[in-house]
Amino acid sequence: MSSSDMDQLRRHIRALTQQLESRLSGGTTSPLPLPDDDADLQALANAANALLSHLDQSLHDPQYIDADTGFANVDYLERHLSTALGAEPHSPLTLALLNIPNCPLIAATLDAQENRQLRLALRQRLTRTLQPRELIASLPDGTLAFVFHTTDESALYERAEHIMNAMDDPFSLGERQVWLSAVMAAAQVAEDSPVTAQGLIQAGRTALGEAREKGTGNFVLFEDTMRTETHGRLDMEQTLRSALRHGWLEAFLQPLVDLQEGRVTGFEVLARIRHPERGLISPMLFVPVAERTGLIRQLTGRMLELAVPMLHDERLLERYGNDFTLSINLSPAEMHDPNLADQILDVLARESVSPDRLKVELTETAVMADPNVAVHLIHRLRKQGVAISLDDFGAGYSSLGYIRSLPLDQLKIDRSLISGLDHDAEKRAILEMILTLCERLDLTVVAEGIETEMELSCVLGMGAQIGQGYLFSRPQTIEDLLEQVPAIGLMQAIN
C-alpha cells in the first residue's frame with residue numbers, strides 16, 4: 001500500500017473514530033463519505049455507516065431509555081459494558097456511580113412540572129460534564145452510572161471532582177431554588193481483567209455504600225477489601241434478622257453501684273445475641289449493622305420488651321430492693337423517629353412499670369448531631385417521669401457549657417477519662433471540673449469503666465456518686481449476676 005493510500009486510510013479511520021466517540025457520548029452522527037477509488041475503503045465506510053445507524057437506532061429505542069431521566073437505562077449500560085469488556089484485549093474501564101441522597105425527599109415537595117424541570121436541568125448539567133466516549137446511564141434506584149475509559153486514579157479523581165462541582169450550584173425552578181447533595185464511587189477494570197458487567201456494577205455499588213457512610217460530598221474508589229467487609233456486614237445483617245425472628249437476643253445486666261453505700265442501685269441493659277452455633281455475639285458487631293440497615297428500631301423495641309419485665313423479677317427485687325432502676329441505650333440513628341418516645345412509654349404502660357424506674361441513655365454524639373430533636377425527646381420522656389442520662393461524656397464533644405442547657409438527670413463519665421486516672425494529672429483536673437459543674441447542676445455522676453482499685457480510689461476521693469465497671473461485675477445474665485455479685489461483696493470492694 002502506497003503512502004497516499006495509508007494516509008487516506010488513516011483519515012477514514014480517524015473520521016470513524018470521531019463519529020463513534022460522538023455517538024457514545026450522546027452526540028449526533030452523520031454518514032461517513034464513500035471514497036470513489038478504493039473498493040476496500042468503500043466497504044469499510046459502508047460497514048461504519050451501518051454501525052452508526054445501528055447505534056442511533058438502539059440508543060434511541062425506547063426500550064433502552066430511562067423514562068424518568070432521559071439517560072440510557074440499565075439494559076443499555078449492561079450491553080455497553082459487556083461489549084467493552086468482551087473485546088480482545090479490552091481497554092481500561094471505570095464505572096462511576098453518582099447517588100443523590102436527598103433527591104427523593106426534595107422530589108416529594110415538588111409538583112409534577114417542577115420535578116420535570118429538575119430532571120431536565122440535572123440531565124443537561126451532567127451531560128455537559130461528559131468527555132468523548134463517556135456515557136451516562138440510570139440504574140433502577142435512581143443512581144446514575146458514568147462509564148470512563150481510563151483507570152488512572154488522578155484522572156478519575158479529577159473527573160469525579162468535575163461532576164461533583166457541577167452539583168454544587170442550586171437548580172432554579174422558576175422562583176424556587178433547590179440544592180442536591182451527592183456522593184460518588186467508582187470501580188476500575190484494568191486491561192484484560194476478567195470481570196462481567198454485573199460484577200463491575202456490584203463492585204461500584206459496594207464502593208458507593210462506603211461513600212454514603214462517609215457522607216455527602218465524598219468519593220470512594222473500590223478496593224477488594226470492601227467486598228470482604230461487605231460480605232461480613234451482609235452476614236451480620238442476616239444474623240441480626242434471624243435473632244429478631246427466632247428470639248436469640250438476650251438482655252445482659254451490668255450493675256451501677258452507689259460508691260458511698262456500696263449497694264447496687266440499678267443496672268445498665270446491654271444486648272447480646274446468643275447464636276445457636278457461634279455462641280455470644282457482641283453488640284459492637286451487630287448494633288452498627290442495625291443502625292445502617294434500619295433494624296435499630298426493632299432491636300430497641302425487643303430490648304425494651306426483654307428488660308422492662310425485669311423490674312418485676314422477684315429474684316432481683318429480693319436481692320436489690322424494689323427501687324432499683326434499669327438504664328437502656330438509644331442509638332443516634334433513632335433520634336429522628338417520631339414514635340420513639342411512644343414506643344418506650346407503651347412498653348412501660350403495658351408492663352405496669354412506673355416510668356421513674358427507667359433511665360434512657362443518650363450519647364453525646366446523638367445529642368449534638370441534632371440538639372433540637374434530642375431536647376424534644378428528652379422533654380417528652382422526662383415529663384412522663386423517665387430519667388435521662390448523657391452517656392460516654394468525655395469521649396466526643398465534651399463541652400462543659402452545653403450540658404447546662406440540656407434537661408438531664410445523670411452524666412456518665414466515659415472510660416477514656418477514668419482509665420489511668422491515678423497517674424494522669426490532666427484527667428484528674430478535667431474530672432474535677434466536671435464533678436464541680438454537675439454538683440451545681442444537681443446531676444448525678446456515674447464513673448464508667450472502673451477496672452482497678454486505684455481508679456476506684458480516685459473517683460471515690462473526687463466525689464463521684466455512682467460507679468460501673470469490671471471491678472464490680474461484667475455484664476451478666478440475671479442468673480450469673482445473682483451468683484457472682486453478692487450484695488455484701490460490693491462494700492468490701494469499695495473498702
# chains A, B, ... in the order shown; residues from 1 in each chain; ligands from 1

call {"tool": "residues_around", "arguments": {"residues": "Trp179 in chain A", "least_positions_apart": "5", "cutoff": "8 Å", "atoms": "only C-alpha atoms", "output": "PDB file with C-alpha atoms, in the first residue's frame"}}
result
ATOM      1  CA  MET A 167     -23.821  19.624  41.524  1.00  0.00           C
ATOM      2  CA  ASP A 168     -22.778  22.444  43.864  1.00  0.00           C
ATOM      3  CA  ASP A 169     -24.864  25.221  42.348  1.00  0.00           C
ATOM      4  CA  PRO A 170     -28.600  25.329  43.077  1.00  0.00           C
ATOM      5  CA  PHE A 171     -31.160  24.265  40.498  1.00  0.00           C
TER       6      PHE A 171
END

call {"tool": "residues_around", "arguments": {"residues": "Phe286 in chain A", "least_positions_apart": "5", "cutoff": "9 Å", "atoms": "only C-alpha atoms", "output": "number ranges by chain"}}
result
A: 233, 236-237, 239-240, 272-273, 281, 291

call {"tool": "select_by_dssp", "arguments": {"residues": "range 170-321 of chain A", "states": "strand (DSSP E)", "output": "NGL selection string"}}
result
:A and (171-173 or 176-178 or 183-189 or 219-221 or 249-258 or 263-275 or 279-281)

call {"tool": "write_last_selection", "arguments": {"atoms": "N, CA and C atoms", "output": "compact mmCIF listing (two decimals), in the first residue's frame"}}
result
# COMPACT_ATOMS: atom_id res chain seq x y z
N PHE A 171 -30.35 24.43 41.70
CA PHE A 171 -31.16 24.27 40.50
C PHE A 171 -32.35 25.22 40.61
N SER A 172 -32.52 26.06 39.60
CA SER A 172 -33.59 27.06 39.62
C SER A 172 -34.85 26.47 38.99
N LEU A 173 -35.94 26.49 39.76
CA LEU A 173 -37.23 26.00 39.28
C LEU A 173 -38.21 27.16 39.39
N ARG A 176 -38.15 29.25 42.60
CA ARG A 176 -37.67 28.36 43.66
C ARG A 176 -36.29 27.81 43.30
N GLN A 177 -35.46 27.63 44.33
CA GLN A 177 -34.15 27.03 44.14
C GLN A 177 -34.01 25.82 45.06
N VAL A 178 -33.40 24.76 44.53
CA VAL A 178 -33.15 23.57 45.34
C VAL A 178 -31.70 23.15 45.17
N VAL A 183 -23.00 11.90 46.45
CA VAL A 183 -21.81 11.11 46.76
C VAL A 183 -21.46 10.31 45.50
N MET A 184 -20.17 9.99 45.36
CA MET A 184 -19.73 9.23 44.19
C MET A 184 -18.80 8.10 44.61
N ALA A 185 -18.78 7.08 43.77
CA ALA A 185 -17.85 5.96 43.96
C ALA A 185 -17.52 5.40 42.59
N ALA A 186 -16.45 4.63 42.52
CA ALA A 186 -16.04 4.07 41.23
C ALA A 186 -15.38 2.72 41.41
N ALA A 187 -15.53 1.88 40.40
CA ALA A 187 -14.84 0.59 40.34
C ALA A 187 -14.10 0.51 39.02
N GLN A 188 -12.84 0.12 39.09
CA GLN A 188 -11.99 0.10 37.90
C GLN A 188 -11.85 -1.32 37.34
N VAL A 189 -11.59 -1.38 36.04
CA VAL A 189 -11.25 -2.64 35.40
C VAL A 189 -9.95 -2.44 34.64
N PHE A 219 -16.04 10.84 47.64
CA PHE A 219 -15.78 9.96 46.51
C PHE A 219 -14.92 8.80 47.00
N VAL A 220 -15.35 7.57 46.71
CA VAL A 220 -14.64 6.38 47.18
C VAL A 220 -14.33 5.48 46.00
N LEU A 221 -13.12 4.98 45.96
CA LEU A 221 -12.68 4.06 44.91
C LEU A 221 -12.71 2.63 45.46
N LEU A 249 -31.97 -12.88 70.91
CA LEU A 249 -31.50 -11.73 71.67
C LEU A 249 -31.66 -11.97 73.17
N GLU A 250 -30.68 -11.51 73.93
CA GLU A 250 -30.74 -11.59 75.39
C GLU A 250 -30.36 -10.24 75.98
N ALA A 251 -30.92 -9.94 77.15
CA ALA A 251 -30.60 -8.71 77.87
C ALA A 251 -29.65 -9.05 79.02
N PHE A 252 -28.42 -8.55 78.92
CA PHE A 252 -27.45 -8.71 79.99
C PHE A 252 -27.51 -7.46 80.87
N LEU A 253 -27.13 -7.62 82.14
CA LEU A 253 -27.18 -6.52 83.10
C LEU A 253 -25.79 -6.26 83.67
N GLN A 254 -25.42 -4.97 83.78
CA GLN A 254 -24.19 -4.59 84.47
C GLN A 254 -24.56 -3.63 85.59
N PRO A 255 -24.14 -3.93 86.83
CA PRO A 255 -24.58 -3.13 87.99
C PRO A 255 -24.05 -1.70 87.98
N LEU A 256 -24.88 -0.81 88.49
CA LEU A 256 -24.49 0.56 88.84
C LEU A 256 -24.44 0.61 90.36
N VAL A 257 -23.30 0.99 90.91
CA VAL A 257 -23.04 0.84 92.34
C VAL A 257 -22.95 2.20 93.02
N ASP A 258 -23.71 2.38 94.11
CA ASP A 258 -23.59 3.57 94.95
C ASP A 258 -22.25 3.49 95.68
N ARG A 263 -23.87 -0.32 97.52
CA ARG A 263 -25.01 -1.17 97.12
C ARG A 263 -25.37 -0.91 95.67
N VAL A 264 -25.99 -1.91 95.06
CA VAL A 264 -26.44 -1.79 93.68
C VAL A 264 -27.71 -0.93 93.65
N THR A 265 -27.68 0.12 92.84
CA THR A 265 -28.86 0.98 92.70
C THR A 265 -29.59 0.76 91.39
N GLY A 266 -28.93 0.10 90.46
CA GLY A 266 -29.57 -0.14 89.17
C GLY A 266 -28.66 -0.93 88.25
N PHE A 267 -29.10 -1.10 87.01
CA PHE A 267 -28.35 -1.89 86.04
C PHE A 267 -28.46 -1.23 84.66
N GLU A 268 -27.36 -1.29 83.92
CA GLU A 268 -27.42 -0.94 82.51
C GLU A 268 -27.75 -2.19 81.72
N VAL A 269 -28.70 -2.07 80.82
CA VAL A 269 -29.13 -3.20 79.99
C VAL A 269 -28.31 -3.20 78.70
N LEU A 270 -27.67 -4.34 78.41
CA LEU A 270 -26.81 -4.46 77.24
C LEU A 270 -27.22 -5.67 76.40
N ALA A 271 -27.34 -5.46 75.11
CA ALA A 271 -27.83 -6.51 74.20
C ALA A 271 -26.74 -7.50 73.85
N ARG A 272 -27.13 -8.76 73.75
CA ARG A 272 -26.26 -9.82 73.24
C ARG A 272 -27.10 -10.72 72.33
N ILE A 273 -26.45 -11.29 71.33
CA ILE A 273 -27.07 -12.35 70.53
C ILE A 273 -26.44 -13.67 70.94
N ARG A 274 -27.29 -14.62 71.32
CA ARG A 274 -26.80 -15.97 71.62
C ARG A 274 -27.10 -16.85 70.42
N HIS A 275 -26.12 -16.94 69.53
CA HIS A 275 -26.29 -17.70 68.29
C HIS A 275 -26.19 -19.19 68.60
N GLY A 279 -22.33 -18.99 69.38
CA GLY A 279 -22.28 -18.52 70.75
C GLY A 279 -22.65 -17.06 70.89
N LEU A 280 -22.13 -16.39 71.93
CA LEU A 280 -22.48 -15.00 72.19
C LEU A 280 -21.82 -14.07 71.18
N ILE A 281 -22.59 -13.11 70.68
CA ILE A 281 -22.10 -12.12 69.72
C ILE A 281 -22.20 -10.75 70.36

call {"tool": "residues_around", "arguments": {"residues": "Asn165 in chain A", "least_positions_apart": "5", "cutoff": "12 Å", "atoms": "only C-alpha atoms", "output": "PDB file with N, CA and C atoms, in the first residue's frame"}}
result
ATOM      1  N   ARG A 125     -27.071  19.463  32.928  1.00  0.00           N
ATOM      2  CA  ARG A 125     -25.850  19.820  33.658  1.00  0.00           C
ATOM      3  C   ARG A 125     -24.842  18.671  33.636  1.00  0.00           C
ATOM      4  N   LEU A 126     -25.314  17.439  33.854  1.00  0.00           N
ATOM      5  CA  LEU A 126     -24.399  16.303  33.884  1.00  0.00           C
ATOM      6  C   LEU A 126     -23.887  15.950  32.491  1.00  0.00           C
ATOM      7  N   THR A 129     -20.777  17.591  31.461  1.00  0.00           N
ATOM      8  CA  THR A 129     -19.517  17.142  32.070  1.00  0.00           C
ATOM      9  C   THR A 129     -18.861  16.011  31.284  1.00  0.00           C
ATOM     10  N   TYR A 157     -10.150  10.982  39.911  1.00  0.00           N
ATOM     11  CA  TYR A 157     -10.492  11.958  40.946  1.00  0.00           C
ATOM     12  C   TYR A 157     -10.819  13.317  40.330  1.00  0.00           C
ATOM     13  N   GLU A 158     -10.126  13.667  39.268  1.00  0.00           N
ATOM     14  CA  GLU A 158     -10.435  14.916  38.578  1.00  0.00           C
ATOM     15  C   GLU A 158     -11.829  14.859  37.952  1.00  0.00           C
ATOM     16  N   ARG A 159     -12.154  13.725  37.326  1.00  0.00           N
ATOM     17  CA  ARG A 159     -13.480  13.579  36.716  1.00  0.00           C
ATOM     18  C   ARG A 159     -14.567  13.630  37.787  1.00  0.00           C
ATOM     19  N   ALA A 160     -14.333  12.940  38.911  1.00  0.00           N
ATOM     20  CA  ALA A 160     -15.315  12.948  39.995  1.00  0.00           C
ATOM     21  C   ALA A 160     -15.485  14.357  40.551  1.00  0.00           C
ATOM     22  N   PRO A 170     -27.180  25.690  42.946  1.00  0.00           N
ATOM     23  CA  PRO A 170     -28.600  25.329  43.077  1.00  0.00           C
ATOM     24  C   PRO A 170     -29.256  25.169  41.708  1.00  0.00           C
ATOM     25  N   LEU A 180     -29.059  19.880  45.507  1.00  0.00           N
ATOM     26  CA  LEU A 180     -28.958  18.421  45.545  1.00  0.00           C
ATOM     27  C   LEU A 180     -27.599  18.027  46.113  1.00  0.00           C
ATOM     28  N   SER A 181     -27.617  17.163  47.124  1.00  0.00           N
ATOM     29  CA  SER A 181     -26.367  16.628  47.672  1.00  0.00           C
ATOM     30  C   SER A 181     -25.987  15.378  46.888  1.00  0.00           C
ATOM     31  N   ALA A 182     -24.707  15.035  46.902  1.00  0.00           N
ATOM     32  CA  ALA A 182     -24.270  13.898  46.090  1.00  0.00           C
ATOM     33  C   ALA A 182     -23.085  13.195  46.716  1.00  0.00           C
ATOM     34  N   VAL A 183     -22.999  11.902  46.447  1.00  0.00           N
ATOM     35  CA  VAL A 183     -21.807  11.107  46.757  1.00  0.00           C
ATOM     36  C   VAL A 183     -21.460  10.311  45.503  1.00  0.00           C
ATOM     37  N   MET A 184     -20.168   9.987  45.360  1.00  0.00           N
ATOM     38  CA  MET A 184     -19.728   9.228  44.191  1.00  0.00           C
ATOM     39  C   MET A 184     -18.800   8.100  44.607  1.00  0.00           C
ATOM     40  N   GLY A 217     -20.727  14.495  49.480  1.00  0.00           N
ATOM     41  CA  GLY A 217     -19.516  15.150  49.021  1.00  0.00           C
ATOM     42  C   GLY A 217     -18.317  14.242  48.923  1.00  0.00           C
ATOM     43  N   ASN A 218     -18.467  12.966  49.291  1.00  0.00           N
ATOM     44  CA  ASN A 218     -17.332  12.043  49.288  1.00  0.00           C
ATOM     45  C   ASN A 218     -17.265  11.231  48.003  1.00  0.00           C
TER      46      ASN A 218
END

call {"tool": "closest_atom_pairs", "arguments": {"of": "range 164-256 of chain A", "to": "range 76-82 of chain A", "cutoff": "10 Å", "atoms": "only C-alpha atoms", "output": "JSON lines"}}
result
{"residue": "A:Val195", "atom": "CA", "partner": "A:Ser82", "partner_atom": "CA", "distance": 9.3}
{"residue": "A:Thr196", "atom": "CA", "partner": "A:Ser82", "partner_atom": "CA", "distance": 6.7}
{"residue": "A:Ala197", "atom": "CA", "partner": "A:Leu81", "partner_atom": "CA", "distance": 5.4}
{"residue": "A:Gln198", "atom": "CA", "partner": "A:Glu78", "partner_atom": "CA", "distance": 7.1}
{"residue": "A:Leu200", "atom": "CA", "partner": "A:Leu81", "partner_atom": "CA", "distance": 8.7}
{"residue": "A:Ile201", "atom": "CA", "partner": "A:Glu78", "partner_atom": "CA", "distance": 8.7}
